[in-house]
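Novice: My structure is stored as upload-v1.pdb, with PDB, C-alpha atoms.
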```
MODEL        1
ATOM      1  CA  MET A   1       0.000   0.000   0.000
ATOM      2  CA  CYS A   2       2.647   2.484   1.046
ATOM      3  CA  PRO A   3       6.220   2.252  -0.158
ATOM      4  CA  VAL A   4       8.850   1.772   2.494
ATOM      5  CA  ALA A   5       8.955   4.912   4.587
ATOM      6  CA  HIS A   6      11.972   6.206   6.473
ATOM      7  CA  SER A   7      11.925   8.090   9.736
ATOM      8  CA  ARG A   8      15.039   8.806  11.774
ATOM      9  CA  GLY A   9      16.842   6.034   9.907
ATOM     10  CA  MET A  10      14.104   3.475  10.627
ATOM     11  CA  LYS A  11      12.595   1.745   7.609
ATOM     12  CA  TYR A  12       9.038   0.463   7.757
ATOM     13  CA  ASP A  13       6.266  -0.603   5.425
ATOM     14  CA  ILE A  14       2.505  -0.059   5.663
ATOM     15  CA  ARG A  15       0.430  -2.756   3.970
ATOM     16  CA  PRO A  16      -3.019  -4.390   4.087
ATOM     17  CA  ALA A  17      -3.196  -7.103   6.727
ATOM     18  CA  THR A  18      -3.549 -10.716   5.660
ATOM     19  CA  ARG A  19      -4.841 -13.808   7.420
ATOM     20  CA  ALA A  20      -1.231 -14.531   8.445
ATOM     21  CA  ASP A  21      -1.246 -11.295  10.514
ATOM     22  CA  VAL A  22      -4.220 -12.230  12.711
ATOM     23  CA  SER A  23      -2.140 -13.472  15.638
ATOM     24  CA  ASN A  24       0.010 -10.309  15.706
ATOM     25  CA  ILE A  25      -3.047  -8.059  15.377
ATOM     26  CA  TYR A  26      -4.812  -9.881  18.199
ATOM     27  CA  GLY A  27      -1.753  -9.486  20.417
ATOM     28  CA  MET A  28      -1.686  -5.743  19.739
ATOM     29  CA  ILE A  29      -5.436  -5.464  20.420
ATOM     30  CA  LYS A  30      -4.752  -6.935  23.859
ATOM     31  CA  GLU A  31      -1.786  -4.569  24.353
ATOM     32  CA  LEU A  32      -3.985  -1.591  23.455
ATOM     33  CA  ALA A  33      -6.682  -2.744  25.888
ATOM     34  CA  CYS A  34      -4.048  -3.029  28.642
ATOM     35  CA  HIS A  35      -2.751   0.443  27.768
ATOM     36  CA  GLU A  36      -6.322   1.748  28.189
ATOM     37  CA  HIS A  37      -6.673  -0.208  31.486
ATOM     38  CA  LYS A  38      -9.551  -2.178  29.963
ATOM     39  CA  ALA A  39      -7.996  -5.604  29.319
ATOM     40  CA  GLU A  40     -11.052  -7.370  30.727
ATOM     41  CA  GLN A  41     -13.238  -5.816  28.031
ATOM     42  CA  VAL A  42     -11.619  -7.740  25.153
ATOM     43  CA  LYS A  43     -14.238 -10.364  24.302
ATOM     44  CA  THR A  44     -13.189 -11.186  20.734
ATOM     45  CA  SER A  45     -10.983 -14.156  19.980
ATOM     46  CA  LEU A  46      -8.340 -14.821  17.397
ATOM     47  CA  GLU A  47     -10.918 -16.947  15.565
ATOM     48  CA  ASP A  48     -13.432 -14.061  15.623
ATOM     49  CA  LEU A  49     -10.893 -11.732  14.007
ATOM     50  CA  GLU A  50     -10.076 -14.246  11.316
ATOM     51  CA  ARG A  51     -13.735 -15.059  10.640
ATOM     52  CA  HIS A  52     -14.881 -11.415  10.558
ATOM     53  CA  GLY A  53     -11.966  -9.728   8.833
ATOM     54  CA  PHE A  54     -10.462 -12.234   6.460
ATOM     55  CA  CYS A  55     -13.440 -13.678   4.657
ATOM     56  CA  GLN A  56     -15.340 -13.043   1.431
ATOM     57  CA  ASN A  57     -17.288 -10.075   2.880
ATOM     58  CA  PRO A  58     -15.138  -8.711   5.719
ATOM     59  CA  VAL A  59     -16.738  -6.676   8.476
ATOM     60  CA  PHE A  60     -13.506  -4.716   8.958
ATOM     61  CA  HIS A  61     -10.236  -3.968   7.188
ATOM     62  CA  CYS A  62      -6.798  -3.580   8.680
ATOM     63  CA  LEU A  63      -3.419  -2.131   7.805
ATOM     64  CA  VAL A  64      -0.201  -3.227   9.493
ATOM     65  CA  ALA A  65       3.136  -1.480   9.865
ATOM     66  CA  GLU A  66       6.196  -3.686   9.571
ATOM     67  CA  VAL A  67       9.814  -3.020  10.469
ATOM     68  CA  PRO A  68      12.495  -5.244   8.895
ATOM     69  CA  ASP A  69      14.258  -7.547  11.346
ATOM     70  CA  GLU A  70      17.950  -7.508  10.476
ATOM     71  CA  ARG A  71      18.527 -10.838  12.271
ATOM     72  CA  ARG A  72      15.788 -12.712  10.397
ATOM     73  CA  GLU A  73      14.318 -12.630   6.931
ATOM     74  CA  GLU A  74      10.893 -11.676   8.243
ATOM     75  CA  ALA A  75       9.682  -8.305   9.479
ATOM     76  CA  LYS A  76       8.347  -7.385  12.916
ATOM     77  CA  THR A  77       4.844  -5.979  13.195
ATOM     78  CA  ALA A  78       5.127  -2.512  14.747
ATOM     79  CA  GLY A  79       1.488  -1.378  14.666
ATOM     80  CA  TYR A  80      -1.928  -1.626  13.089
ATOM     81  CA  ALA A  81      -4.975   0.391  12.093
ATOM     82  CA  LEU A  82      -8.353  -1.375  12.023
ATOM     83  CA  TYR A  83     -11.222   0.398  10.261
ATOM     84  CA  TYR A  84     -14.585  -0.177   8.592
ATOM     85  CA  TYR A  85     -17.037   1.651   6.380
ATOM     86  CA  THR A  86     -20.082   3.467   7.740
ATOM     87  CA  TYR A  87     -22.690   5.671   6.153
ATOM     88  CA  SER A  88     -23.882   9.117   7.171
ATOM     89  CA  THR A  89     -27.352   9.986   5.944
ATOM     90  CA  TRP A  90     -26.323  13.645   6.108
ATOM     91  CA  SER A  91     -23.095  13.413   4.158
ATOM     92  CA  GLY A  92     -22.507   9.976   2.618
ATOM     93  CA  PRO A  93     -19.965   7.157   3.007
ATOM     94  CA  SER A  94     -17.329   7.412   5.697
ATOM     95  CA  LEU A  95     -14.721   5.390   7.524
ATOM     96  CA  TYR A  96     -14.643   4.587  11.215
ATOM     97  CA  LEU A  97     -11.199   4.008  12.722
ATOM     98  CA  GLU A  98     -11.732   1.467  15.493
ATOM     99  CA  ASP A  99      -8.087   1.112  16.543
ATOM    100  CA  LEU A 100      -4.761   2.686  15.747
ATOM    101  CA  TYR A 101      -1.923   1.249  17.796
ATOM    102  CA  VAL A 102       1.855   1.408  17.573
ATOM    103  CA  LYS A 103       3.959  -0.732  19.907
ATOM    104  CA  PRO A 104       5.886   1.362  22.457
ATOM    105  CA  ASP A 105       9.335   0.558  20.986
ATOM    106  CA  TYR A 106       8.261   2.037  17.639
ATOM    107  CA  ARG A 107       6.523   5.220  18.764
ATOM    108  CA  GLY A 108       7.850   8.605  17.678
ATOM    109  CA  MET A 109       9.022   7.290  14.303
ATOM    110  CA  GLY A 110       6.084   8.467  12.212
ATOM    111  CA  ILE A 111       4.447   5.026  12.020
ATOM    112  CA  GLY A 112       1.193   6.149  13.655
ATOM    113  CA  LYS A 113       0.878   9.110  11.329
ATOM    114  CA  GLN A 114       1.517   6.896   8.295
ATOM    115  CA  LEU A 115      -1.084   4.366   9.444
ATOM    116  CA  LEU A 116      -3.590   7.211   9.878
ATOM    117  CA  ALA A 117      -2.644   8.768   6.523
ATOM    118  CA  ASN A 118      -3.046   5.429   4.750
ATOM    119  CA  VAL A 119      -6.496   4.867   6.277
ATOM    120  CA  ALA A 120      -7.417   8.372   5.096
ATOM    121  CA  LYS A 121      -6.121   7.491   1.625
ATOM    122  CA  VAL A 122      -8.352   4.388   1.552
ATOM    123  CA  GLY A 123     -11.297   6.619   2.443
ATOM    124  CA  ARG A 124     -10.429   9.225  -0.144
ATOM    125  CA  ASP A 125      -9.961   6.575  -2.836
ATOM    126  CA  ASN A 126     -13.413   5.165  -1.978
ATOM    127  CA  SER A 127     -15.220   8.532  -2.006
ATOM    128  CA  CYS A 128     -15.650   8.712   1.765
ATOM    129  CA  VAL A 129     -16.530  12.136   3.125
ATOM    130  CA  HIS A 130     -14.980  11.812   6.570
ATOM    131  CA  LEU A 131     -13.072   9.632   9.010
ATOM    132  CA  GLN A 132     -14.403   9.208  12.540
ATOM    133  CA  LEU A 133     -13.066   7.609  15.701
ATOM    134  CA  THR A 134     -13.411   7.776  19.448
ATOM    135  CA  VAL A 135     -10.657   8.325  21.998
ATOM    136  CA  SER A 136     -10.957   7.591  25.687
ATOM    137  CA  GLU A 137     -11.072  10.600  27.989
ATOM    138  CA  GLY A 138      -7.881   9.517  29.743
ATOM    139  CA  ASN A 139      -5.762   9.093  26.600
ATOM    140  CA  ALA A 140      -4.413  12.636  26.319
ATOM    141  CA  SER A 141      -1.531  11.651  24.031
ATOM    142  CA  ALA A 142      -3.911  10.088  21.483
ATOM    143  CA  ARG A 143      -6.227  13.095  21.653
ATOM    144  CA  ALA A 144      -3.242  15.402  21.053
ATOM    145  CA  PHE A 145      -2.060  13.191  18.153
ATOM    146  CA  TYR A 146      -5.431  13.343  16.376
ATOM    147  CA  ASP A 147      -5.758  17.061  17.090
ATOM    148  CA  ALA A 148      -2.299  17.719  15.629
ATOM    149  CA  ASN A 149      -3.335  15.839  12.496
ATOM    150  CA  GLY A 150      -6.564  17.782  11.933
ATOM    151  CA  GLY A 151      -9.036  15.761  13.993
ATOM    152  CA  GLN A 152     -11.843  17.702  15.671
ATOM    153  CA  ASP A 153     -13.435  16.739  18.975
ATOM    154  CA  LEU A 154     -17.152  16.873  18.172
ATOM    155  CA  THR A 155     -18.190  16.380  21.794
ATOM    156  CA  GLY A 156     -17.230  19.956  22.595
ATOM    157  CA  LYS A 157     -17.730  21.406  19.131
ATOM    158  CA  GLU A 158     -21.106  19.955  18.162
ATOM    159  CA  GLY A 159     -22.278  18.293  21.371
ATOM    160  CA  TRP A 160     -22.425  14.753  19.947
ATOM    161  CA  HIS A 161     -22.033  11.944  22.451
ATOM    162  CA  MET A 162     -21.267   8.353  21.568
ATOM    163  CA  ILE A 163     -24.003   6.006  22.820
ATOM    164  CA  ARG A 164     -23.503   2.257  23.126
ATOM    165  CA  PHE A 165     -25.893  -0.534  24.029
ATOM    166  CA  SER A 166     -24.254  -3.327  26.013
ATOM    167  CA  ARG A 167     -24.499  -6.852  24.669
ATOM    168  CA  GLU A 168     -27.286  -7.679  27.141
ATOM    169  CA  ASP A 169     -29.245  -4.466  26.434
ATOM    170  CA  PHE A 170     -28.724  -4.999  22.708
ATOM    171  CA  LYS A 171     -30.152  -8.543  22.958
ATOM    172  CA  ASN A 172     -33.066  -7.349  25.101
ATOM    173  CA  LEU A 173     -33.878  -4.619  22.594
ATOM    174  CA  ALA A 174     -33.612  -7.058  19.673
ATOM    175  CA  SER A 175     -36.040  -9.443  21.384
ATOM    176  CA  GLU A 176     -38.686  -6.693  21.223
ATOM    177  CA  ALA A 177     -38.478  -6.513  17.423
ATOM    178  CA  MET A 178     -41.664  -7.572  15.631
TER     179      MET A 178
ENDMDL
END
```
Is it possible to express this structure as C-alpha cells?

Specialist:
Amino acid sequence: MCPVAHSRGMKYDIRPATRADVSNIYGMIKELACHEHKAEQVKTSLEDLERHGFCQNPVFHCLVAEVPDERREEAKTAGYALYYYTYSTWSGPSLYLEDLYVKPDYRGMGIGKQLLANVAKVGRDNSCVHLQLTVSEGNASARAFYDANGGQDLTGKEGWHMIRFSREDFKNLASEAM
C-alpha cells in the first residue's frame, strides 16, 4: 500500500493485513486494551478476528506497519490500524477508525501518522466524506495526536455523544423486534 517509509533512519512498510497477521493483530489489540486499562473488556478471539476480517465479505479492514528484522528474513509488526465503512445519511460514506496502535518501541518514528494517513487514503480513494473515531477521555496523548493531524473533537464542538448498548441491552432490545 505504502512504499517503504523512512523516519530517523528506521525503515518500515505499511500494507493491508492478511490472514497470516491475525495473531500479531490480536496481540496488539490486547496490548492496546491493557494500555487503556480495559484488558477485561476484550471479548473477541483470534478466531473471531479471522472469521470477521479475512473472509469473502469482511466486516472490517486492517493495515499493518512492519519493520524489517535484520537478524531474520521476516519483518516485525510494529502497529496496526483497524477500520470499517459506515454511512452518514447527512453526508454519505465514511470510515470509522476502530483502533490505531503502535507498539511502544516504535513510537515517535512516524508510524502512527503513516497508518492514519493510509487509512485516510483508503477513504479518499473510496469517495468517503470523513473519518471518525473515538478516543478515551484519559488518553491525552492520542487526543493530542489526532488534534495535531486535523481531527476535531465533536463532543465539545457539536455536542455529539457516543451512545452504546451493552451486549445484554442490545439482545433485550432485539427481542422486542416484531

Novice: If the PyMOL selection byres ((chain A and resi 148-158) around 10) is run on the structure shown, which residues does it catch, given as a list in words?

Specialist: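 That expression, the PyMOL selection byres ((chain A and resi 148-158) around 10), corresponds here to Lys113, Leu116, Ala117, Leu131, Gln132, Leu133, Thr134, Val135, Ala142, Arg143, Ala144, Phe145, Tyr146, Asp147, Gly159, Trp160, His161 and Met162 of chain A.
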
Novice: Pick out the closest residue to A:His37 from this set: A:Asn139, A:Ser88, A:Gln114, A:Asn57. Count only C-alpha atoms.

Specialist: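 Looking only at the distances to A:His37, the closest residue turns out to be A:Asn139.
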
Novice: Expand the PyMOL selection byres ((chain A and resi 24) around 10) into the individual residues it matches in the shown file, reporting them as JSON, numbers by chain.

Specialist: {"A": [20, 21, 22, 23, 25, 26, 27, 28, 29, 46, 64, 76, 77, 78, 79, 80]}

Novice: Run the PyMOL selection byres ((chain A and resi 92) around 9) against the file shown and list the residues it catches, as a ChimeraX atom specification.

Specialist: /A:86-91,93-94,127-130

Novice: Provide the atom CA of A:Val102 to atom CA of A:Glu66 distance in Å, to one decimal place.

Specialist: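 Atom-to-atom, atom CA of A:Val102 and atom CA of A:Glu66 are spaced 10.4 Å apart.
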
Novice: Quick check, in Å to one decimal: how far apart do atom CA of A:Leu97 and atom CA of A:Ala177 lie?

Specialist: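 Computing it gives 29.6 Å between the two atoms.
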
Novice: Could you check how far atom CA of A:Arg124 sits from atom CA of A:Tyr84, in Å to one decimal?

Specialist: 13.5 Å

Novice: For each of A:Pro58, A:Pro16, A:Gly53, A:Gly138, take the minimum atom-to-atom distance to A:Lys38, counting only C-alpha atoms, then give the residue where this is smallest.

Specialist: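 Nearest candidate to A:Lys38 out of A:Pro58, A:Pro16, A:Gly53, A:Gly138: A:Gly138.
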
Novice: Box for stretch 126-144 of chain A: with edges along x, y and z, all listed atoms inside and 8 Å added on each side, what are the centre and edge lengths in Å to one decimal, as JSON?

Specialist:
```
{"center_x": -9.0, "center_y": 10.3, "center_z": 13.9, "size_x": 31.0, "size_y": 26.2, "size_z": 47.7}
```

Novice: Pick from A:Leu82, A:Leu173, A:Leu95, A:Ala65: nearest to A:Arg107, with all atoms listed in the file counted?

Specialist: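 Answer, going by the shortest atom-to-atom distance: A:Ala65.
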
Novice: May I ask which of the residues A:Ile163, A:Cys55, A:Ala120, A:Ala81 is the closest one to A:Tyr101, counting all atoms listed in the file?

Specialist: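 The answer is A:Ala81, which sits nearest to A:Tyr101.
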
Novice: Could you write stretch 101-120 of chain A as a compact mmCIF listing (two decimals), in the coordinates of the input, with N, CA, C and O atoms rebuilt where they are missing?

Specialist:
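The new file rebuild.txt reads:
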```txt
# COMPACT_ATOMS: atom_id res chain seq x y z
N TYR A 101 -2.84 1.58 16.71
CA TYR A 101 -1.92 1.25 17.80
C TYR A 101 -0.53 1.04 17.23
O TYR A 101 -0.35 0.36 16.22
N VAL A 102 0.45 1.62 17.90
CA VAL A 102 1.86 1.41 17.57
C VAL A 102 2.52 0.91 18.86
O VAL A 102 2.35 1.50 19.93
N LYS A 103 3.27 -0.18 18.74
CA LYS A 103 3.96 -0.73 19.91
C LYS A 103 4.91 0.32 20.49
O LYS A 103 5.51 1.10 19.75
N PRO A 104 5.06 0.34 21.80
CA PRO A 104 5.89 1.36 22.46
C PRO A 104 7.29 1.53 21.88
O PRO A 104 7.76 2.66 21.74
N ASP A 105 7.96 0.46 21.52
CA ASP A 105 9.34 0.56 20.99
C ASP A 105 9.41 1.28 19.65
O ASP A 105 10.49 1.68 19.22
N TYR A 106 8.26 1.44 18.97
CA TYR A 106 8.26 2.04 17.64
C TYR A 106 7.57 3.39 17.59
O TYR A 106 7.37 3.95 16.52
N ARG A 107 7.19 3.92 18.74
CA ARG A 107 6.52 5.22 18.76
C ARG A 107 7.52 6.34 18.51
O ARG A 107 8.70 6.22 18.77
N GLY A 108 7.01 7.45 17.96
CA GLY A 108 7.85 8.60 17.68
C GLY A 108 8.63 8.50 16.37
O GLY A 108 9.49 9.32 16.10
N MET A 109 8.32 7.50 15.57
CA MET A 109 9.02 7.29 14.30
C MET A 109 8.17 7.63 13.09
O MET A 109 8.57 7.40 11.96
N GLY A 110 6.96 8.13 13.33
CA GLY A 110 6.08 8.47 12.21
C GLY A 110 5.17 7.34 11.76
O GLY A 110 4.39 7.50 10.83
N ILE A 111 5.25 6.18 12.41
CA ILE A 111 4.45 5.03 12.02
C ILE A 111 2.96 5.29 12.25
O ILE A 111 2.13 5.00 11.38
N GLY A 112 2.60 5.85 13.38
CA GLY A 112 1.19 6.15 13.66
C GLY A 112 0.61 7.10 12.63
O GLY A 112 -0.50 6.90 12.13
N LYS A 113 1.36 8.15 12.32
CA LYS A 113 0.88 9.11 11.33
C LYS A 113 0.71 8.45 9.96
O LYS A 113 -0.26 8.73 9.25
N GLN A 114 1.64 7.57 9.58
CA GLN A 114 1.52 6.90 8.30
C GLN A 114 0.35 5.91 8.28
O GLN A 114 -0.33 5.78 7.26
N LEU A 115 0.10 5.24 9.38
CA LEU A 115 -1.08 4.37 9.44
C LEU A 115 -2.35 5.20 9.26
O LEU A 115 -3.22 4.86 8.46
N LEU A 116 -2.43 6.32 9.98
CA LEU A 116 -3.59 7.21 9.88
C LEU A 116 -3.73 7.77 8.46
O LEU A 116 -4.82 7.77 7.89
N ALA A 117 -2.62 8.21 7.88
CA ALA A 117 -2.64 8.77 6.52
C ALA A 117 -3.08 7.72 5.50
O ALA A 117 -3.82 8.03 4.56
N ASN A 118 -2.66 6.48 5.69
CA ASN A 118 -3.05 5.43 4.75
C ASN A 118 -4.51 5.04 4.89
O ASN A 118 -5.16 4.71 3.91
N VAL A 119 -5.05 5.09 6.11
CA VAL A 119 -6.50 4.87 6.28
C VAL A 119 -7.25 6.00 5.58
O VAL A 119 -8.24 5.77 4.87
N ALA A 120 -6.78 7.23 5.76
CA ALA A 120 -7.42 8.37 5.10
C ALA A 120 -7.36 8.22 3.58
O ALA A 120 -8.33 8.54 2.87
```
